Amino acid sequence: MTERSSDKRTGDTAAGDTADNSGRQRPLVRLLRRTSGLLRWTSLRLRLVVVFALVALTAAVSASGIAYWLNRNTVLDRTQNAVLKDFRKALEDSTRSLPQRPRCAELQDAARQIAGGPQNYTVLLIGVDRDGKDCAATTNKDLLTLDAVPKSLRSAVNEVRKVDESNRYPHHLYWQRREAGDVPYLVAGAKVIGGGPTGYMMKSLAAERQDLNSLAWSLGIATALALVGSALLAQAAATTVLRPVQRLGHAARQLGEGRLDTRLRVTGTDELADLSRTFNRTAERLEQRVEELSAREAASRRFVADMSHELRTPLTAITAVSEVLEEEAESLDPMIAPAVQLVVSETRRLNDLVENLMEVTRFDAGTARLVLDDVDVADQVTACIDARAWLDAVDLDADRGIVARLDPRRLDVILANLIGNALKHGGSPVRVSVRTEGAPGEGEAGGAAEGSGGGPERADAGESPRGADRAGGDLVIQVRDHGPGIPEEVLPHVFDRFYKASASRPRSEGSGLGLSIALENAHIHGGEITAANLPEGGAVFTLRLPMDASRLADDGGNRRDGGAGPERGRTTGGASRAADKGTEDDR
Amino acid sequence: MADVPFLLLIEDDDAIRTALELSLSRQGHRVVTAATGEDGLKLLREQRPDLIVLDVMLPGIDGFEVCRRIRRTDQLPIILLTARNDDIDVVVGLESGADDYVVKPVQGRVLDARIRAVLRRGERESSDSATFGSLVIDRSAMTVTKNGEDLQLTPTELRLLLELSRRPGQALSRQQLLRLVWEHDYLGDSRLVDACVQRLRAKVEDVPSSPTLIRTVRGVGYRLDSPQ
């Protein structure tokens, strides 16, 4: 996500209307993210619902299927047995009274008699009359004729079986289920033993089928209800699982954003409660650890601050006295004079070092503050060069009249360090150029190129005023030398504290804090310094500061006040308020 | 004012006191020293020095408090000596009435230059007087009166008012004022100007919070106007 949005931004920069586009795209991206999040949530929900539904479906369908099957068999068997028993009895009863070769009319009577039973079936009797003619007597000519009886049934009925131990009769009663039209029928047939007529019956099973159909319907409805019920159940289960998961996710996100005091409310004893408890424990440990580390870091910072502070008192005395000694150096013994000179020059170096150390600790403790003024940049650069007697070695390309709102002392520190560094390592002529860049697009490119240390925060802070700024734009000061350039492996470290380009390089070349302090001073303005090598040789340092740092100074001041609160709140709290009031009254 | 500047140095650390005394004496000043604020205030009443160099960190009453007590009765120049270059100390120091400040470890020459610059502010100049509403600035007598009443201004406040009144209606930038009044180099701390303007307004204006004489010119600096 992050990657994509950053891609988008560079694309916009190319298009040239950054603020407009990114402003419109941001809600869209957020919406997309939210939708995808919702989808992700519902997918787990969906999975649960599907699984629940599948289980319910399987159970319901198999239960209904078995129930239906058993019911069907029972119902059909019972009906069938009753019918067949009745048919057999009626057939026996009525054929017993018949003569050996009955007449057709007699057969018809017998058939009507058989069909007259309570079971309400249709009967077909087939016999051979006295004339040796086949005679078929049916109670319903449309439904039951010999043709309507399946062939297989007919042959089975007519088949004569051998009579033996296991089979006592040559003929049996056979039955079959078949459909005529849309109605299911039970068809049965038997040959009366001893040359009697062959009897067939046909019984409609429509009533049974209707019963079974309504049973199937109610089973289907029950299955559907079970499905709906399972879906609802799955929803409920998903909610009870997902809500804690969501809360957990939210808490984890908060923790990731740095709110280490985030805790979850633990309810119940289930696995989720366990997880919440684990989360709380982890967060607690993390918080403890971070507190421990920051306390340790604060302690070591305070130590450096206190130390450099303590160094000042003896240094003040030594400095004052060494100046007196320096003035007397000419009148001293030629053996002693160099010693005095050494003491004087080393005292000066020690002064610089302590000064720089103090500066660094101020940045670390967040007590550094901007003292803004409207400054003609060209004048300021000239004065900086002039004060250090660098006028001959530096080639200045700056138009007068560029007025920026910044801290002149800090600008001087930056310039002195950059130019001093260029003179030391690059050699003269050092070329300093001052220009302004009004286009926000170009400013953006500078922001993208900036280093990792505190980068994003600074970039944000620098970006927002740029859009609304009345003056707008950046002040860009380039310091380039004509030396051998900066070795590639050193380039990423030039702003590191006490980083020396090579171990063999003598330590006397500077405090090792200069460029780091320059960078911090640029950062506190909401600016940036980048170092690069030129293709034609030599190194170039590019300082980029917003033309008006006043907004940043206010913000920075407030934030730093908060940060420094616990350490020095007692002494400085009131004072800073007084200072704020002073500025307000004033402007 | 004597030919040799007479300084009172209030500093609790023996080494610094001795070293600065030595250094300042060599620069041609007459120096008396005190180790605590209380001693310093006593010496101030007894010996009437031209200028006070005051350390901020003192046992007992601290430098800011000493500064405030001096300002209640006296308008003599005060230079703060601060080891804590935490910017907030500077602001508090300036608000308690100091004319200038020097950060430790201080170089003797820098301190000497500041002392001489502050002392120059009290020097008379032969010129006329100017009137701004009820405010009358007499440049030859080096006095300022408001509604006929004498105003007690420190030399720095007086110099600031003089420089502004010399160019009435014209805005002077803080950096310009720093050079004119404080004689600082190009790196002057503009808060010195702001603090001094605050103090001056408190004495000169009818309603200090809505000034009619010393006006702020946004993005530039300050300007002295005749009230309409």
# chains A, B, ... in the order shown; residues from 1 in each chain; ligands from 1
$ select_by_dssp --residues "chain B" --states "strand (DSSP E)" --output "JSON, numbers by chain"
{"B": [6, 7, 8, 9, 10, 30, 31, 32, 33, 34, 51, 52, 53, 54, 55, 78, 79, 80, 81, 82, 100, 101, 102, 103, 129, 130, 131, 132, 135, 136, 137, 138, 143, 144, 145, 146, 149, 150, 172, 173, 214, 215, 216, 217, 221, 222, 223, 224]}
$ interface_residues --of "chain B" --to "chain A" --cutoff "10 Å" --atoms "only C-alpha atoms" --output "ChimeraX atom specification"
/B:13-24,26-27,83-89,91-93,95,103-109,111,173-175,185-191,194-195,197-198,208-211,215-221
$ write_last_selection --atoms "C-alpha atoms" --output "PDB file, in the first residue's frame"
ATOM      1  CA  ASP B  13      33.578  30.170  40.889  1.00  0.00           C
ATOM      2  CA  ASP B  14      36.976  31.157  42.269  1.00  0.00           C
ATOM      3  CA  ALA B  15      38.949  30.199  39.183  1.00  0.00           C
ATOM      4  CA  ILE B  16      36.719  32.072  36.780  1.00  0.00           C
ATOM      5  CA  ARG B  17      36.528  35.078  39.083  1.00  0.00           C
ATOM      6  CA  THR B  18      40.289  35.266  39.405  1.00  0.00           C
ATOM      7  CA  ALA B  19      40.911  34.658  35.721  1.00  0.00           C
ATOM      8  CA  LEU B  20      38.347  37.181  34.528  1.00  0.00           C
ATOM      9  CA  GLU B  21      39.559  39.745  37.039  1.00  0.00           C
ATOM     10  CA  LEU B  22      43.063  39.247  35.743  1.00  0.00           C
ATOM     11  CA  SER B  23      41.967  39.455  32.133  1.00  0.00           C
ATOM     12  CA  LEU B  24      39.723  42.484  32.581  1.00  0.00           C
ATOM     13  CA  ARG B  26      44.818  43.773  31.837  1.00  0.00           C
ATOM     14  CA  GLN B  27      42.286  45.246  29.390  1.00  0.00           C
ATOM     15  CA  ALA B  83      27.132  29.041  31.207  1.00  0.00           C
ATOM     16  CA  ARG B  84      23.804  27.723  30.131  1.00  0.00           C
ATOM     17  CA  ASN B  85      23.386  28.724  26.564  1.00  0.00           C
ATOM     18  CA  ASP B  86      20.002  27.103  26.691  1.00  0.00           C
ATOM     19  CA  ASP B  87      18.122  29.673  24.750  1.00  0.00           C
ATOM     20  CA  ILE B  88      15.521  29.995  27.429  1.00  0.00           C
ATOM     21  CA  ASP B  89      18.053  31.345  29.947  1.00  0.00           C
ATOM     22  CA  VAL B  91      15.297  35.123  27.251  1.00  0.00           C
ATOM     23  CA  VAL B  92      14.759  35.102  31.012  1.00  0.00           C
ATOM     24  CA  GLY B  93      17.949  37.098  31.508  1.00  0.00           C
ATOM     25  CA  GLU B  95      13.476  39.981  30.488  1.00  0.00           C
ATOM     26  CA  VAL B 103      28.092  32.808  26.902  1.00  0.00           C
ATOM     27  CA  LYS B 104      30.763  30.839  28.739  1.00  0.00           C
ATOM     28  CA  PRO B 105      33.473  29.880  28.018  1.00  0.00           C
ATOM     29  CA  VAL B 106      33.908  33.547  27.348  1.00  0.00           C
ATOM     30  CA  GLN B 107      36.862  35.066  25.602  1.00  0.00           C
ATOM     31  CA  GLY B 108      38.283  38.037  27.435  1.00  0.00           C
ATOM     32  CA  ARG B 109      38.399  40.153  24.297  1.00  0.00           C
ATOM     33  CA  LEU B 111      33.718  40.452  27.035  1.00  0.00           C
ATOM     34  CA  SER B 173      15.612  46.080  11.179  1.00  0.00           C
ATOM     35  CA  ARG B 174      16.631  44.184  14.275  1.00  0.00           C
ATOM     36  CA  GLN B 175      20.031  43.518  12.762  1.00  0.00           C
ATOM     37  CA  ASP B 185      28.858  41.914  14.745  1.00  0.00           C
ATOM     38  CA  TYR B 186      26.652  40.446  12.016  1.00  0.00           C
ATOM     39  CA  LEU B 187      25.489  37.642  14.281  1.00  0.00           C
ATOM     40  CA  GLY B 188      23.612  39.616  16.880  1.00  0.00           C
ATOM     41  CA  ASP B 189      20.834  37.936  18.783  1.00  0.00           C
ATOM     42  CA  SER B 190      17.621  39.686  17.731  1.00  0.00           C
ATOM     43  CA  ARG B 191      16.023  38.795  21.058  1.00  0.00           C
ATOM     44  CA  ASP B 194      12.891  42.512  21.229  1.00  0.00           C
ATOM     45  CA  ALA B 195      13.489  42.388  24.983  1.00  0.00           C
ATOM     46  CA  VAL B 197      11.840  47.205  23.005  1.00  0.00           C
ATOM     47  CA  GLN B 198       9.505  45.490  25.479  1.00  0.00           C
ATOM     48  CA  PRO B 208       2.375  49.051  26.499  1.00  0.00           C
ATOM     49  CA  SER B 209       0.291  46.262  24.989  1.00  0.00           C
ATOM     50  CA  SER B 210      -1.001  48.509  22.192  1.00  0.00           C
ATOM     51  CA  PRO B 211       1.967  50.712  21.366  1.00  0.00           C
ATOM     52  CA  ARG B 215       5.559  50.287  16.311  1.00  0.00           C
ATOM     53  CA  THR B 216       6.397  46.799  15.093  1.00  0.00           C
ATOM     54  CA  VAL B 217       6.879  46.614  11.346  1.00  0.00           C
ATOM     55  CA  ARG B 218       6.170  43.027  10.460  1.00  0.00           C
ATOM     56  CA  GLY B 219       8.931  41.340   8.544  1.00  0.00           C
ATOM     57  CA  VAL B 220      11.271  44.300   9.082  1.00  0.00           C
ATOM     58  CA  GLY B 221      11.716  45.551  12.634  1.00  0.00           C
TER      59      GLY B 221
END
$ residues_around --residues "Asp274 in chain A" --least-positions-apart "6" --cutoff "12 Å" --atoms "only C-alpha atoms" --output "ChimeraX atom specification"
/A:244,248,264-268,280-281
$ write_last_selection --atoms "N, CA and C atoms" --output "mmCIF file, in the first residue's frame"
data_model
loop_
_atom_site.group_PDB
_atom_site.id
_atom_site.type_symbol
_atom_site.label_atom_id
_atom_site.label_comp_id
_atom_site.auth_asym_id
_atom_site.auth_seq_id
_atom_site.Cartn_x
_atom_site.Cartn_y
_atom_site.Cartn_z
ATOM 1 N N PRO A 244 -13.600 -9.791 18.836
ATOM 2 C CA PRO A 244 -12.336 -9.757 19.579
ATOM 3 C C PRO A 244 -11.133 -9.698 18.655
ATOM 4 N N LEU A 248 -8.423 -6.893 18.676
ATOM 5 C CA LEU A 248 -7.015 -7.254 18.800
ATOM 6 C C LEU A 248 -6.207 -6.594 17.686
ATOM 7 N N LEU A 264 -5.738 -4.484 26.161
ATOM 8 C CA LEU A 264 -7.055 -5.028 25.820
ATOM 9 C C LEU A 264 -7.805 -5.388 27.092
ATOM 10 N N ARG A 265 -9.145 -5.268 27.037
ATOM 11 C CA ARG A 265 -9.941 -5.723 28.171
ATOM 12 C C ARG A 265 -10.120 -7.226 28.007
ATOM 13 N N VAL A 266 -9.755 -7.977 29.038
ATOM 14 C CA VAL A 266 -9.835 -9.435 28.935
ATOM 15 C C VAL A 266 -11.133 -9.896 29.572
ATOM 16 N N THR A 267 -11.971 -10.590 28.762
ATOM 17 C CA THR A 267 -13.206 -11.148 29.318
ATOM 18 C C THR A 267 -13.261 -12.621 28.954
ATOM 19 N N GLY A 268 -13.748 -13.420 29.883
ATOM 20 C CA GLY A 268 -13.915 -14.843 29.605
ATOM 21 C C GLY A 268 -12.612 -15.612 29.772
ATOM 22 N N ASN A 280 -1.536 -8.357 26.011
ATOM 23 C CA ASN A 280 -1.299 -7.382 27.077
ATOM 24 C C ASN A 280 0.078 -7.559 27.701
ATOM 25 N N ARG A 281 0.424 -8.819 27.929
ATOM 26 C CA ARG A 281 1.736 -9.086 28.534
ATOM 27 C C ARG A 281 2.847 -8.601 27.620
#
$ residues_around --residues "Asn356 in chain A" --least-positions-apart "4" --cutoff "9 Å" --atoms "only C-alpha atoms" --output "list in words"
Asn351, Asp352, Val360, Thr361, Ser511, Leu513, Gly514 and Ile517 of chain A
$ write_last_selection --atoms "C-alpha atoms" --output "mmCIF file, in the first residue's frame"
data_model
loop_
_atom_site.group_PDB
_atom_site.id
_atom_site.type_symbol
_atom_site.label_atom_id
_atom_site.label_comp_id
_atom_site.auth_asym_id
_atom_site.auth_seq_id
_atom_site.Cartn_x
_atom_site.Cartn_y
_atom_site.Cartn_z
ATOM 1 C CA ASN A 351 36.673 25.543 23.448
ATOM 2 C CA ASP A 352 35.406 24.747 19.971
ATOM 3 C CA VAL A 360 24.885 18.635 19.790
ATOM 4 C CA THR A 361 23.465 17.883 23.225
ATOM 5 C CA SER A 511 36.018 18.434 15.927
ATOM 6 C CA LEU A 513 30.949 17.364 14.675
ATOM 7 C CA GLY A 514 30.823 20.230 12.215
ATOM 8 C CA ILE A 517 25.774 20.164 13.521
#
$ residues_around --residues "Ile486 in chain A" --least-positions-apart "2" --cutoff "7 Å" --atoms "only C-alpha atoms" --output "MDAnalysis selection string"
chainID A and resid 484 488 490:491 533 539
$ write_last_selection --atoms "C-alpha atoms" --output "compact mmCIF listing (two decimals), in the first residue's frame"
# COMPACT_ATOMS: atom_id res chain seq x y z
CA PRO A 484 39.24 15.33 -5.26
CA GLU A 488 31.91 6.95 -2.57
CA VAL A 490 32.38 7.98 2.72
CA LEU A 491 29.51 9.83 1.08
CA ASN A 533 30.23 14.59 -6.15
CA ALA A 539 32.24 17.87 -4.07
$ residues_around --residues "Lys146 in chain B" --least-positions-apart "2" --cutoff "6 Å" --atoms "only C-alpha atoms" --output "mmCIF file with N, CA and C atoms, in the first residue's frame"
data_model
loop_
_atom_site.group_PDB
_atom_site.id
_atom_site.type_symbol
_atom_site.label_atom_id
_atom_site.label_comp_id
_atom_site.auth_asym_id
_atom_site.auth_seq_id
_atom_site.Cartn_x
_atom_site.Cartn_y
_atom_site.Cartn_z
ATOM 1 N N SER B 134 3.639 63.130 23.767
ATOM 2 C CA SER B 134 3.933 63.632 25.113
ATOM 3 C C SER B 134 5.369 63.309 25.514
ATOM 4 N N LEU B 135 6.095 62.683 24.585
ATOM 5 C CA LEU B 135 7.454 62.229 24.891
ATOM 6 C C LEU B 135 8.460 63.258 24.359
ATOM 7 N N GLY B 148 6.274 65.764 30.992
ATOM 8 C CA GLY B 148 7.058 66.584 31.907
ATOM 9 C C GLY B 148 7.762 65.804 33.002
ATOM 10 N N GLU B 149 7.507 64.492 33.089
ATOM 11 C CA GLU B 149 8.137 63.681 34.137
ATOM 12 C C GLU B 149 9.369 62.996 33.593
#
$ closest_residue --among "B:Val90, B:Pro77, B:Trp182, B:Val204" --to "Pro155 in chain B" --atoms "only C-alpha atoms"
B:Pro77
$ residues_around --residues "range 32-40 of chain B" --least-positions-apart "6" --cutoff "7 Å" --atoms "only C-alpha atoms" --output "list in words"
Leu7, Leu8, Leu9, Ile10, Glu11, Asp12, Leu58, Pro59, Ile61, Asp62 and Val66 of chain B
$ write_last_selection --atoms "N, CA and C atoms" --output "mmCIF file, in the first residue's frame"
data_model
loop_
_atom_site.group_PDB
_atom_site.id
_atom_site.type_symbol
_atom_site.label_atom_id
_atom_site.label_comp_id
_atom_site.auth_asym_id
_atom_site.auth_seq_id
_atom_site.Cartn_x
_atom_site.Cartn_y
_atom_site.Cartn_z
ATOM 1 N N LEU B 7 34.267 48.229 37.134
ATOM 2 C CA LEU B 7 33.352 47.101 36.966
ATOM 3 C C LEU B 7 33.145 46.358 38.269
ATOM 4 N N LEU B 8 31.934 45.810 38.423
ATOM 5 C CA LEU B 8 31.667 44.868 39.505
ATOM 6 C C LEU B 8 31.423 43.506 38.872
ATOM 7 N N LEU B 9 32.264 42.536 39.263
ATOM 8 C CA LEU B 9 32.135 41.187 38.724
ATOM 9 C C LEU B 9 31.552 40.285 39.804
ATOM 10 N N ILE B 10 30.364 39.732 39.545
ATOM 11 C CA ILE B 10 29.739 38.810 40.506
ATOM 12 C C ILE B 10 29.797 37.406 39.912
ATOM 13 N N GLU B 11 30.619 36.579 40.530
ATOM 14 C CA GLU B 11 30.871 35.228 39.999
ATOM 15 C C GLU B 11 31.270 34.333 41.159
ATOM 16 N N ASP B 12 30.628 33.172 41.248
ATOM 17 C CA ASP B 12 30.858 32.339 42.428
ATOM 18 C C ASP B 12 32.081 31.452 42.288
ATOM 19 N N LEU B 58 24.301 31.398 40.563
ATOM 20 C CA LEU B 58 24.917 31.833 41.815
ATOM 21 C C LEU B 58 24.278 31.084 42.963
ATOM 22 N N PRO B 59 25.044 30.838 43.996
ATOM 23 C CA PRO B 59 24.419 30.268 45.189
ATOM 24 C C PRO B 59 23.558 31.340 45.855
ATOM 25 N N ILE B 61 20.615 33.812 46.032
ATOM 26 C CA ILE B 61 19.776 34.406 44.975
ATOM 27 C C ILE B 61 20.542 34.337 43.667
ATOM 28 N N ASP B 62 19.839 33.896 42.611
ATOM 29 C CA ASP B 62 20.549 33.690 41.343
ATOM 30 C C ASP B 62 20.670 34.996 40.553
ATOM 31 N N VAL B 66 19.149 38.818 41.074
ATOM 32 C CA VAL B 66 20.034 39.957 41.337
ATOM 33 C C VAL B 66 19.733 41.054 40.329
#
$ atom_distance --atom1 "CA of Asp364 in chain A" --atom2 "CA of Val494 in chain A"
18.7 Å
$ select_by_dssp --residues "range 132-237 of chain A" --states "helix (DSSP H, G or I)" --output "PyMOL selection string"
chain A and resi 146-148+151-158+206-237
$ closest_residue --among "A:Glu292, A:Arg130, A:Val50, A:Thr223" --to "Ser62 in chain A" --atoms "only C-alpha atoms"
A:Thr223
